[in-house]
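A.B. asks: So that we are looking at the same thing, I have put the structure below in structure tokens.
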Amino acid sequence: MKNLLTVMLTGALLICVATVCAQAYPVRPIRFIVPFAPGGSTDTLARTLSTKLGDALGQQVVVDNRAGGNGNIGTDLVAHAVPDGYTILLGYIANLAIGPSLYAQLPFDPVKDFAPITQLAVAPNILVVHPSVPVKNFQEFIAYAKANPAKINFASAAVASPGHLAGELLNLAAGIHMQHVPYKGSGQAVVDLVGGQVQAMVSGMSSVMPHIKAGRLRPLAVTGAARSPAMPDLPTIAEAGFPKFEATAWYGVLAPAGTPPAIVTRLHDEIVRALRLPDVKERLEYVGFEIVGSTPAAFGAYIKSEIKKWAPVVKASGAKPEG
């Protein structure tokens, strides 16, 4: 009986300490780990949010780029950080959903080692072709690809990048065989596509929009669940004949597993509030993001579904880690 009373009192004390800590949170700066180099989409999101989030929390939110290992180094750092709300992660489809199937062994578990806070945004891709490809729309493209197996080379920024796997998903869904040509970044991939060295690409809109407007590339469809406000007349691949098709780059914020729920809730509420600010919304939509702002539970379920979704695509692609 005495031991039981001791355990109950200890448990009650821990709950009280956690509650007090959560109520006082934050009392020092917060590290916002971006597991990729400065200048990319993940960095843009983190820096856009950090100032607003810092203002709301009354403490500085410091963006800390920890690039390396295709995002695994920075992600692992957060997975094994103290779960006190002072280290958070800018998560991305590549390190959270594709990585588990691409790597034989990761130093972290994207489900068990994190407390999801919110999905920030998605960035739909767009399927574009060089004007020399004799098609005017997505249906004609699929028919042409079926009639010319392995003759369409599609570019991507890297092996196992979202653009690569979106192309492989289209191969599987449509029963076609486009040949993948990986590059060291999207810049050179787009240059070669415009030059006609490759015929197609599934790309982020910001990289190809100037070439679409100049007539150097032809857009066929977007890969998101809904049409893009940037090109409202362009159908989704789902609309164009493949109802379950969706392939977007997505981003979110996570904390280490074990972070007190009250802190997760506070971070969630302030981040979602920041996403709704007119200047933040305008800036993110201008560079191609579609804002989400989901609940922690919804984001956690989404990560699990994306891991399951991309596993067979990674396997079918034969992709192996680079470097």
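Residues in the structure tokens are named by chain (A, B, ... in the order shown) and by number from 1 within that chain; ligands are numbered from 1 in the order shown.
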What's the 6 Å shell around segment 284-293 of chain A, counting only C-alpha atoms, without same-chain residues fewer than 3 positions away, as number ranges by chain?
C.D. replies: A: 118-123, 272, 281
A.B. asks: Just to be explicit: take each residue in the selection above, keep C-alpha atoms, and write the result as a compact mmCIF listing (two decimals), in the first residue's frame.
C.D. replies:
```
# COMPACT_ATOMS: atom_id res chain seq x y z
CA THR A 118 0.99 20.37 -37.94
CA GLN A 119 1.27 19.88 -41.67
CA LEU A 120 2.23 23.30 -42.95
CA ALA A 121 1.69 23.13 -46.67
CA VAL A 122 1.78 21.14 -49.86
CA ALA A 123 3.42 22.09 -53.14
CA VAL A 272 -1.53 27.69 -37.59
CA LYS A 281 -0.30 33.48 -46.68
```
A.B. asks: To test your reading of the structure, identify every residue in segment 25-268 of chain A that backbone DSSP assigns to strand (DSSP E or B), and report it as number ranges by chain.
C.D. replies: A: 30-34, 61-65, 87-92, 114-129, 153-156, 179-182, 200-204, 218-222, 236, 248-256
A.B. asks: Write down as a PyMOL selection string the residues of segment 89-288 of chain A whose backbone DSSP state falls under helix (DSSP H, G or I).
C.D. replies: chain A and resi 93-102+138-147+162-174+186-195+205-213+261-275+278-286
A.B. asks: I need the residue nearest Val202 of chain A from this list: A:Ala240, A:Thr44, A:Leu127, A:Leu267. Use only C-alpha atoms for the distance.
C.D. replies: A:Leu127
A.B. asks: Which residues of segment 239-323 of chain A come within 9 Å of segment 52-61 of chain A, and for each one, what is the closest pair of atoms and their distance in Å to one decimal, counting only C-alpha atoms, sorted by chain and residue number, as a tab-separated table?
C.D. replies:
```
residue	atom	partner	partner_atom	distance
A:Arg266	CA	A:Leu57	CA	8.9
A:Leu267	CA	A:Leu53	CA	8.5
A:Glu270	CA	A:Leu53	CA	6.4
A:Ile271	CA	A:Leu53	CA	6.3
A:Arg273	CA	A:Leu53	CA	8.9
A:Ala274	CA	A:Lys52	CA	6.1
A:Val280	CA	A:Lys52	CA	8.7
```
A.B. asks: One number please: atom CA of Arg66 of chain A to atom CA of Pro35 of chain A, in Å, one decimal.
C.D. replies: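 Separation between atom CA of Arg66 of chain A and atom CA of Pro35 of chain A: 4.7 Å.
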A.B. asks: Quick one: of A:Phe108, A:Phe242, A:Phe154, A:Phe114, who's nearest to Gly196 of chain A, counting only C-alpha atoms?
C.D. replies: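 Counting only C-alpha atoms, the residue closest to Gly196 of chain A is A:Phe154.
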A.B. asks: Which residue out of A:Leu277, A:Leu234, A:Ile126, A:Leu254 has the minimum interatomic distance to Gly204 of chain A when only C-alpha atoms are used?
C.D. replies: A:Ile126
A.B. asks: Have a look at atom CA of Asp233 of chain A and atom CA of Phe138 of chain A and let me know their distance in Å, one decimal.
C.D. replies: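 It comes out at 12.9 Å.
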A.B. asks: Rounded to one decimal, what separation in Å do you get between atom CA of Ser156 of chain A and atom CA of Ala174 of chain A?
C.D. replies: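 Taking atom CA of Ser156 of chain A and atom CA of Ala174 of chain A, their separation equals 18.9 Å.
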A.B. asks: Got a sec: who's within 7 Å of segment 146-150 of chain A, counting only C-alpha atoms, leaving out chain neighbours fewer than 6 positions off, as a PyMOL selection string?
C.D. replies: chain A and resi 176-179
A.B. asks: Residues at most 8 Å from Ala157 of chain A, counting only C-alpha atoms, excluding those fewer than 3 positions away in the same chain, as JSON, numbers by chain?
C.D. replies: {"A": [161, 163, 164, 182, 183, 184, 185, 186, 187, 189]}
A.B. asks: Skip Ala79 of chain A itself and residues of its chain fewer than 2 positions away, then list as a ChimeraX atom specification all residues within 9 Å of it, counting only C-alpha atoms.
C.D. replies: /A:74-77,81-83,89,107-110,113-114,255-257
